[in-house]
$ cat structure21.cif   # mmCIF, C-alpha atoms
data_coords
loop_
_atom_site.label_atom_id
_atom_site.label_comp_id
_atom_site.auth_asym_id
_atom_site.auth_seq_id
_atom_site.Cartn_x
_atom_site.Cartn_y
_atom_site.Cartn_z
CA MET A 16 -36.39 -69.51 -13.94
CA THR A 17 -34.26 -70.74 -16.83
CA THR A 18 -35.75 -73.73 -18.61
CA ARG A 19 -33.14 -74.18 -21.31
CA GLU A 20 -31.09 -77.30 -21.62
CA PRO A 21 -27.42 -76.81 -20.66
CA SER A 22 -26.37 -78.70 -23.79
CA ALA A 23 -27.82 -75.88 -25.89
CA LEU A 24 -24.92 -73.66 -24.82
CA LEU A 25 -22.14 -76.16 -25.48
CA PRO A 26 -19.36 -76.02 -26.32
CA LEU A 27 -18.61 -72.96 -24.24
CA PRO A 28 -16.20 -70.36 -25.59
CA VAL A 29 -12.87 -70.61 -23.76
CA ALA A 30 -13.21 -67.24 -22.03
CA GLN A 31 -16.64 -68.21 -20.68
CA LEU A 32 -15.34 -71.55 -19.46
CA HIS A 33 -12.44 -69.87 -17.68
CA ILE A 34 -14.72 -67.44 -15.86
CA LEU A 35 -17.23 -70.12 -14.88
CA LEU A 36 -14.41 -72.26 -13.52
CA ALA A 37 -13.03 -69.27 -11.62
CA LEU A 38 -16.44 -68.80 -10.00
CA ALA A 39 -16.95 -72.49 -9.25
CA ASP A 40 -15.65 -72.19 -5.69
CA GLY A 41 -17.44 -68.99 -4.76
CA GLU A 42 -18.26 -65.41 -5.73
CA LYS A 43 -15.48 -63.18 -6.98
CA HIS A 44 -14.96 -59.68 -8.36
CA GLY A 45 -13.28 -58.91 -11.67
CA TYR A 46 -9.72 -58.74 -10.41
CA ALA A 47 -10.10 -61.97 -8.44
CA ILE A 48 -11.51 -63.68 -11.53
CA MET A 49 -8.55 -62.47 -13.59
CA GLY A 50 -6.12 -63.78 -10.95
CA GLU A 51 -7.88 -67.13 -10.68
CA VAL A 52 -7.78 -67.60 -14.46
CA GLU A 53 -4.05 -66.89 -14.40
CA ILE A 54 -3.53 -69.49 -11.70
CA MET A 55 -5.68 -72.07 -13.52
CA THR A 56 -3.74 -71.58 -16.75
CA ASP A 57 -0.28 -71.37 -15.17
CA GLY A 58 -0.02 -67.75 -16.22
CA ASP A 59 -0.73 -68.41 -19.88
CA VAL A 60 -3.96 -66.43 -19.90
CA THR A 61 -4.31 -62.95 -18.47
CA MET A 62 -7.75 -61.61 -19.25
CA GLY A 63 -7.85 -57.93 -20.08
CA PRO A 64 -10.69 -55.70 -18.86
CA GLY A 65 -12.41 -55.71 -22.26
CA THR A 66 -12.41 -59.47 -22.67
CA LEU A 67 -13.34 -60.11 -19.06
CA TYR A 68 -16.30 -57.77 -18.87
CA GLY A 69 -17.45 -58.54 -22.41
CA THR A 70 -17.58 -62.19 -21.40
CA VAL A 71 -19.23 -61.38 -18.07
CA LYS A 72 -21.92 -59.50 -19.96
CA ARG A 73 -22.62 -62.53 -22.17
CA ILE A 74 -22.79 -65.02 -19.33
CA LEU A 75 -24.97 -62.63 -17.33
CA ASP A 76 -27.33 -62.38 -20.30
CA ALA A 77 -27.30 -66.16 -20.64
CA GLY A 78 -28.20 -66.57 -16.96
CA LEU A 79 -25.01 -68.46 -16.13
CA VAL A 80 -23.87 -66.00 -13.47
CA GLU A 81 -25.47 -63.26 -11.43
CA GLU A 82 -24.27 -60.20 -9.64
CA THR A 83 -24.36 -60.43 -5.87
CA ASP A 84 -24.32 -57.86 -3.09
CA GLU A 85 -22.73 -60.27 -0.65
CA ARG A 86 -19.17 -59.54 0.35
CA PRO A 87 -16.85 -62.26 1.67
CA ASP A 88 -15.25 -59.71 3.96
CA PRO A 89 -16.85 -56.25 3.79
CA GLU A 90 -14.25 -54.77 6.15
CA LEU A 91 -11.42 -55.51 3.78
CA ASP A 92 -13.09 -54.80 0.50
CA ASP A 93 -13.99 -51.84 -1.70
CA GLU A 94 -17.77 -51.75 -1.75
CA ARG A 95 -17.76 -50.43 -5.34
CA ARG A 96 -16.45 -53.73 -6.58
CA ARG A 97 -18.96 -55.95 -8.30
CA TYR A 98 -19.10 -59.57 -7.29
CA TYR A 99 -20.38 -62.38 -9.48
CA ARG A 100 -21.42 -65.93 -8.67
CA LEU A 101 -22.63 -68.97 -10.55
CA THR A 102 -26.36 -69.51 -10.87
CA GLY A 103 -27.87 -72.98 -10.62
CA PHE A 104 -28.20 -73.04 -14.37
CA GLY A 105 -24.60 -71.87 -14.74
CA ALA A 106 -23.43 -74.72 -12.51
CA ARG A 107 -25.35 -77.23 -14.63
CA VAL A 108 -23.87 -75.80 -17.83
CA LEU A 109 -20.40 -76.00 -16.31
CA ASP A 110 -20.99 -79.62 -15.29
CA ALA A 111 -22.18 -80.47 -18.78
CA GLU A 112 -19.17 -78.77 -20.35
CA ILE A 113 -16.74 -80.58 -18.06
CA ALA A 114 -18.41 -83.90 -18.88
CA ARG A 115 -18.21 -83.08 -22.59
CA MET A 116 -14.52 -82.25 -22.30
CA ALA A 117 -13.83 -85.40 -20.28
CA GLN A 118 -15.52 -87.47 -22.98
CA LEU A 119 -13.47 -85.66 -25.61
CA ALA A 120 -10.29 -86.31 -23.65
CA ARG A 121 -11.13 -90.04 -23.41
CA THR A 122 -11.78 -90.15 -27.14
CA ALA A 123 -8.56 -88.27 -27.85
CA GLU A 124 -6.61 -90.64 -25.64
CA ALA A 125 -8.08 -93.67 -27.41
CA LYS A 126 -7.31 -92.14 -30.79
CA ARG A 127 -3.80 -91.34 -29.69
CA SER A 128 -3.24 -94.95 -28.62
CA VAL A 129 -4.54 -96.22 -31.94
CA ALA A 130 -2.41 -93.74 -33.86
CA SER A 131 0.68 -94.69 -31.86
CA ARG A 132 0.14 -98.38 -32.52
CA ARG A 133 -0.52 -97.78 -36.19
CA LEU A 134 2.49 -95.53 -36.62
CA GLY A 135 4.58 -97.97 -34.61
CA LEU A 136 3.58 -100.78 -36.92
CA GLU A 137 4.16 -98.71 -40.04
CA GLY A 138 7.51 -97.52 -38.72
CA GLY A 139 8.62 -101.01 -37.72
CA MET B 30 -6.66 -41.20 -10.67
CA THR B 31 -3.35 -41.56 -12.49
CA LEU B 32 -2.64 -40.42 -16.04
CA SER B 33 -2.70 -44.02 -17.23
CA GLU B 34 -6.11 -44.58 -15.69
CA ARG B 35 -7.46 -41.35 -17.17
CA THR B 36 -6.11 -42.36 -20.57
CA TYR B 37 -7.67 -45.80 -20.35
CA GLN B 38 -10.96 -44.29 -19.23
CA ALA B 39 -10.91 -41.92 -22.22
CA LEU B 40 -10.18 -44.80 -24.59
CA LEU B 41 -13.34 -46.58 -23.49
CA VAL B 42 -15.15 -44.30 -25.93
CA VAL B 43 -14.43 -46.97 -28.56
CA TYR B 44 -17.04 -49.23 -26.92
CA PRO B 45 -20.77 -48.84 -27.55
CA ALA B 46 -22.36 -46.40 -25.12
CA ASP B 47 -24.51 -49.06 -23.45
CA HIS B 48 -21.51 -51.25 -22.76
CA ARG B 49 -19.53 -48.29 -21.48
CA ARG B 50 -22.28 -47.28 -19.10
CA ALA B 51 -22.69 -50.79 -17.77
CA TYR B 52 -19.05 -51.85 -17.48
CA GLY B 53 -16.88 -48.73 -17.86
CA GLU B 54 -16.32 -48.30 -14.15
CA PRO B 55 -15.33 -51.89 -13.32
CA MET B 56 -13.12 -51.98 -16.42
CA VAL B 57 -11.20 -48.95 -15.18
CA GLN B 58 -11.04 -50.57 -11.76
CA LEU B 59 -9.59 -53.74 -13.26
CA PHE B 60 -7.08 -51.72 -15.26
CA ARG B 61 -6.08 -49.93 -12.05
CA ASP B 62 -5.63 -53.25 -10.23
CA ARG B 63 -3.58 -54.63 -13.07
CA MET B 64 -1.34 -51.56 -13.19
CA ARG B 65 -0.78 -51.69 -9.43
CA ARG B 66 0.21 -55.33 -9.65
CA ASP B 67 2.24 -55.43 -12.88
CA GLY B 68 2.97 -51.79 -13.74
CA GLY B 69 5.92 -49.58 -12.89
CA GLY B 70 8.68 -48.52 -15.25
CA LEU B 71 8.96 -50.49 -18.45
CA GLN B 72 6.51 -53.06 -17.16
CA SER B 73 3.78 -50.44 -17.56
CA LEU B 74 4.48 -50.46 -21.29
CA VAL B 75 4.02 -54.22 -21.40
CA VAL B 76 0.70 -53.89 -19.60
CA TRP B 77 -0.35 -51.12 -21.98
CA VAL B 78 0.45 -53.24 -25.04
CA GLN B 79 -1.59 -56.15 -23.65
CA VAL B 80 -4.45 -53.91 -22.61
CA GLY B 81 -4.33 -52.11 -25.95
CA PHE B 82 -4.79 -55.33 -27.91
CA ASP B 83 -7.52 -56.41 -25.53
CA LEU B 84 -9.28 -53.09 -25.91
CA ALA B 85 -9.13 -53.11 -29.73
CA ALA B 86 -10.31 -56.70 -30.08
CA SER B 87 -13.09 -56.52 -27.51
CA ALA B 88 -14.33 -53.12 -28.69
CA PHE B 89 -14.56 -54.44 -32.25
CA LYS B 90 -16.54 -57.42 -31.01
CA GLU B 91 -18.91 -55.26 -28.96
CA ARG B 92 -19.40 -52.85 -31.85
CA MET B 93 -20.17 -55.63 -34.30
CA GLU B 94 -22.61 -57.15 -31.85
CA ALA B 95 -24.33 -53.81 -31.38
CA ILE B 96 -24.52 -53.23 -35.14
CA MET B 97 -26.04 -56.63 -35.75
CA ALA B 98 -28.57 -56.33 -32.95
CA TYR B 99 -32.09 -56.33 -34.31
CA GLU B 100 -33.19 -53.33 -32.28
CA ASN B 101 -30.46 -51.14 -33.68
CA TRP B 102 -31.58 -51.76 -37.22
CA THR B 103 -35.30 -51.47 -36.80
CA SER B 104 -35.87 -48.92 -34.08
CA ARG B 105 -33.36 -46.51 -35.59
CA TRP B 106 -34.76 -46.67 -39.08
CA TRP B 107 -33.90 -43.22 -40.32
CA GLU B 108 -30.37 -43.12 -38.99
CA THR B 109 -29.62 -46.54 -40.44
CA SER B 110 -31.12 -45.63 -43.78
CA VAL B 111 -29.28 -42.35 -44.09
CA VAL B 112 -25.98 -44.00 -43.25
CA LEU B 113 -26.58 -46.80 -45.78
CA LEU B 114 -27.58 -44.37 -48.49
CA ALA B 115 -24.63 -42.13 -47.80
CA VAL B 116 -22.17 -45.01 -47.92
CA ASN B 117 -23.82 -46.38 -51.03
CA SER B 118 -23.87 -43.07 -52.85
CA VAL B 119 -20.63 -41.42 -51.96
CA VAL B 120 -18.11 -44.21 -51.57
CA PHE B 121 -19.10 -47.02 -53.89
CA GLY B 122 -20.99 -44.97 -56.44
CA PHE B 123 -18.07 -42.72 -57.32
CA LEU B 124 -15.28 -45.20 -56.85
CA PHE B 125 -16.73 -47.90 -59.08
CA ALA B 126 -18.78 -45.95 -61.59
CA ASN B 127 -17.31 -47.58 -64.71
CA SER B 128 -18.11 -51.19 -64.13
CA GLU B 129 -19.86 -53.06 -66.95
CA ASN B 130 -21.90 -55.43 -64.81
CA LEU B 131 -24.98 -53.27 -64.72
CA GLY B 132 -27.70 -55.87 -64.59
CA TRP B 133 -26.06 -57.97 -61.96
CA GLY B 134 -25.22 -54.86 -60.00
CA ILE B 135 -28.80 -53.73 -59.87
CA ALA B 136 -30.18 -57.18 -59.20
CA ALA B 137 -27.58 -58.05 -56.63
CA GLY B 138 -27.80 -54.73 -54.86
CA PHE B 139 -31.35 -53.57 -55.24
CA VAL B 140 -33.52 -56.51 -54.27
CA PRO B 141 -31.77 -57.41 -51.03
CA GLY B 142 -31.34 -53.71 -50.38
CA VAL B 143 -35.09 -53.24 -50.50
CA LEU B 144 -35.53 -56.14 -48.14
CA LEU B 145 -32.87 -54.77 -45.86
CA LEU B 146 -34.27 -51.29 -45.76
CA ALA B 147 -37.83 -52.42 -45.39
CA GLY B 148 -36.68 -54.35 -42.36
CA LEU B 149 -38.94 -57.32 -42.96
CA GLY B 150 -38.01 -59.09 -39.75
CA MET B 151 -35.02 -60.86 -41.23
CA ARG B 152 -32.60 -62.78 -39.11
CA ASN B 153 -29.20 -61.25 -38.43
CA SER B 154 -27.40 -63.51 -40.89
CA GLN B 155 -29.86 -62.64 -43.65
CA ARG B 156 -29.55 -58.97 -42.86
CA ALA B 157 -25.77 -59.22 -42.99
CA GLY B 158 -26.04 -61.00 -46.35
CA ALA B 159 -28.36 -58.34 -47.69
CA THR B 160 -25.94 -55.64 -46.60
CA ILE B 161 -23.11 -57.31 -48.46
CA PHE B 162 -25.27 -57.65 -51.57
CA LEU B 163 -26.25 -54.03 -51.26
CA ILE B 164 -22.63 -53.00 -51.28
CA VAL B 165 -21.75 -55.41 -54.08
CA GLY B 166 -24.62 -54.02 -56.13
CA SER B 167 -23.32 -50.53 -55.72
CA VAL B 168 -19.82 -51.58 -56.63
CA ALA B 169 -20.99 -53.21 -59.83
CA SER B 170 -23.13 -50.32 -61.02
CA SER B 171 -22.23 -47.82 -63.74
CA ILE B 172 -22.68 -44.13 -63.18
CA ALA B 173 -26.02 -44.01 -64.99
CA TRP B 174 -27.42 -47.01 -63.22
CA TRP B 175 -25.92 -45.76 -60.02
CA VAL B 176 -27.97 -42.56 -60.28
CA ILE B 177 -31.16 -44.51 -60.90
CA TYR B 178 -30.26 -47.02 -58.25
CA THR B 179 -29.58 -44.35 -55.67
CA VAL B 180 -32.75 -42.42 -56.44
CA VAL B 181 -34.83 -45.59 -56.16
CA LEU B 182 -33.02 -46.50 -52.97
CA ALA B 183 -33.81 -43.10 -51.54
CA LEU B 184 -37.48 -43.61 -52.44
CA VAL B 185 -37.43 -46.99 -50.77
CA ILE B 186 -36.02 -45.42 -47.65
CA VAL B 187 -38.71 -42.75 -47.57
CA VAL B 188 -41.59 -45.09 -48.40
CA GLY B 189 -40.23 -47.78 -46.13
CA GLY B 190 -39.88 -45.28 -43.33
CA PHE B 191 -43.49 -44.20 -43.54
CA TRP B 192 -44.63 -47.78 -43.92
CA ARG B 193 -42.69 -48.85 -40.89
CA GLY B 194 -44.00 -45.85 -39.01
CA LYS B 195 -47.50 -47.14 -39.67
CA ILE B 196 -46.94 -50.63 -38.42
CA GLY B 197 -44.37 -49.81 -35.76
CA PRO B 198 -40.66 -50.43 -35.63
CA ASN B 199 -40.67 -53.11 -32.97
CA ARG B 200 -43.04 -55.70 -34.30
CA THR B 201 -42.97 -59.11 -32.75
CA GLU B 202 -43.82 -62.36 -34.39
CA PRO B 203 -47.52 -63.20 -33.98
CA GLU B 204 -48.09 -65.83 -31.35
CA ILE B 205 -49.52 -69.13 -32.46
CA ALA B 206 -52.86 -69.71 -30.83
CA VAL B 207 -53.08 -72.92 -28.87
CA PRO B 208 -56.53 -74.47 -29.13
#
$ encode --input "structure21.cif" --output "structure tokens"
Amino acid sequence: MTTREPSALLPLPVAQLHILLALADGEKHGYAIMGEVEIMTDGDVTMGPGTLYGTVKRILDAGLVEETDERPDPELDDERRRYYRLTGFGARVLDAEIARMAQLARTAEAKRSVASRRLGLEGG
Amino acid sequence: MTLSERTYQALLVVYPADHRRAYGEPMVQLFRDRMRRDGGGLQSLVVWVQVGFDLAASAFKERMEAIMAYENWTSRWWETSVVLLAVNSVVFGFLFANSENLGWGIAAGFVPGVLLLAGLGMRNSQRAGATIFLIVGSVASSIAWWVIYTVVLALVIVVGGFWRGKIGPNRTEPEIAVP
């Protein structure tokens, strides 16, 4: 059982965040993760095999995901494919990262408002 | 398996063996999936360029991680030492034999080099720093000092090797007793 605090792993590297988000709604294999990341980023990010499996290795080592033998539909799938899913600890880390980013976004928005007002005053 | 897939599979040799064994097969599978989806004609070239950059960058990262891993430095004492000594002697010794900064060269290179080669349980960052100093020391040495330096370094490797053999290459930090 992992006893570390999720905050110890924050902020997550972008590639790790993308993969955790891709796995948030269920287990997926490598190709499905790649496709999900493309959808999430409007096609801006296509993870190559090296980046994807290098990142998978790190989040496996960190206990954020685990390999699973379960198949969503064994009839339609190649059994050699490896599926990954979030662990409980991985879900908590993802929650913490999302909360951190939300806080950052609120701060950024506040700063942007202040900057706009200040620049507006200086410009006027 | 197509020629592209065979080529990609062959290129995986740039990754550390452990990584290749663990993830080589799914990486080829992912490459195959990608080619089936996006490949064909000139599009295959685009995929190859993207995959090529991905391969180079990720292999470099995996290699650096493997090099900096504690186990690789301590459990493979002799291989590491021989490589360090060879690099030190052949490349930097001959290329930079006329430098005037003898004292600094020896001090900067030798002391951290001893620590590095003795493998005194340093952290990765310290070990990386010692490696840089080791190289800098070699660069700054003159030919005469370089000879002395290299001989002493060789002795350190031999003595350090036997010493480490005595106490074991995979020491762990002693546990603190809880009363």
$ closest_atom_pairs --input "structure21.cif" --of "stretch 32-93 of chain A" --to "stretch 71-86 of chain B" --cutoff "9 Å" --atoms "only C-alpha atoms" --output "Markdown table"
| residue | atom | partner | partner_atom | distance |
| --- | --- | --- | --- | --- |
| A:Thr61 | CA | B:Gln79 | CA | 9.0 |
| A:Met62 | CA | B:Asp83 | CA | 8.2 |
| A:Gly63 | CA | B:Asp83 | CA | 5.7 |
| A:Pro64 | CA | B:Asp83 | CA | 7.4 |
| A:Gly65 | CA | B:Leu84 | CA | 5.5 |
| A:Thr66 | CA | B:Asp83 | CA | 6.4 |
$ interface_residues --input "structure21.cif" --of "chain A" --to "chain B" --cutoff "12 Å" --atoms "all atoms listed in the file" --output "number ranges by chain"
A: 44-50, 60-73, 93-98
$ closest_residue --input "structure21.cif" --among "B:Glu34, B:Glu94, B:Arg49, B:Leu40" --to "B:Arg65" --atoms "only C-alpha atoms"
B:Glu34
$ residues_around --input "structure21.cif" --residues "stretch 109-115 of chain A" --least-positions-apart "3" --cutoff "9 Å" --atoms "all atoms listed in the file" --output "list in words"
Pro21, Ser22, Leu24, Leu25, Pro26, Leu27, Leu32, Leu35, Leu36, Ala39, Leu79, Phe104, Gly105, Ala106, Gln118, Leu119 and Ala120 of chain A
$ closest_residue --input "structure21.cif" --among "A:Glu20, A:Glu82, A:Asp57, A:Glu124" --to "A:Leu38" --atoms "all atoms listed in the file"
A:Glu82
$ atom_distance --input "structure21.cif" --atom1 "atom CA of B:Met30" --atom2 "atom CA of B:Arg50"
18.8 Å
$ atom_distance --input "structure21.cif" --atom1 "atom CA of A:Arg86" --atom2 "atom CA of A:Glu42"
8.5 Å
$ atom_distance --input "structure21.cif" --atom1 "atom CA of A:Gly103" --atom2 "atom CA of A:Gly78"
9.0 Å
$ decode --input "structure21.cif" --residues "stretch 47-66 of chain B" --atoms "C-alpha atoms" --output "short mmCIF file (atom, residue, chain, number, x, y, z; two decimals), in the first residue's frame"
data_model
loop_
_atom_site.label_atom_id
_atom_site.label_comp_id
_atom_site.auth_asym_id
_atom_site.auth_seq_id
_atom_site.Cartn_x
_atom_site.Cartn_y
_atom_site.Cartn_z
CA ASP B 47 16.02 -3.45 -19.52
CA HIS B 48 13.69 -0.91 -21.08
CA ARG B 49 13.75 -2.75 -24.39
CA ARG B 50 12.86 -6.04 -22.76
CA ALA B 51 10.02 -4.52 -20.78
CA TYR B 52 8.49 -2.26 -23.41
CA GLY B 53 9.97 -3.19 -26.80
CA GLU B 54 7.00 -5.28 -27.85
CA PRO B 55 4.24 -2.77 -26.99
CA MET B 56 6.31 0.02 -28.55
CA VAL B 57 6.45 -1.88 -31.84
CA GLN B 58 2.74 -2.55 -31.50
CA LEU B 59 2.04 1.15 -31.01
CA PHE B 60 4.24 2.01 -33.99
CA ARG B 61 2.28 -0.53 -36.06
CA ASP B 62 -1.04 0.98 -34.96
CA ARG B 63 0.18 4.46 -35.77
CA MET B 64 1.40 3.44 -39.21
CA ARG B 65 -1.90 1.73 -39.99
CA ARG B 66 -3.80 4.84 -39.00
#
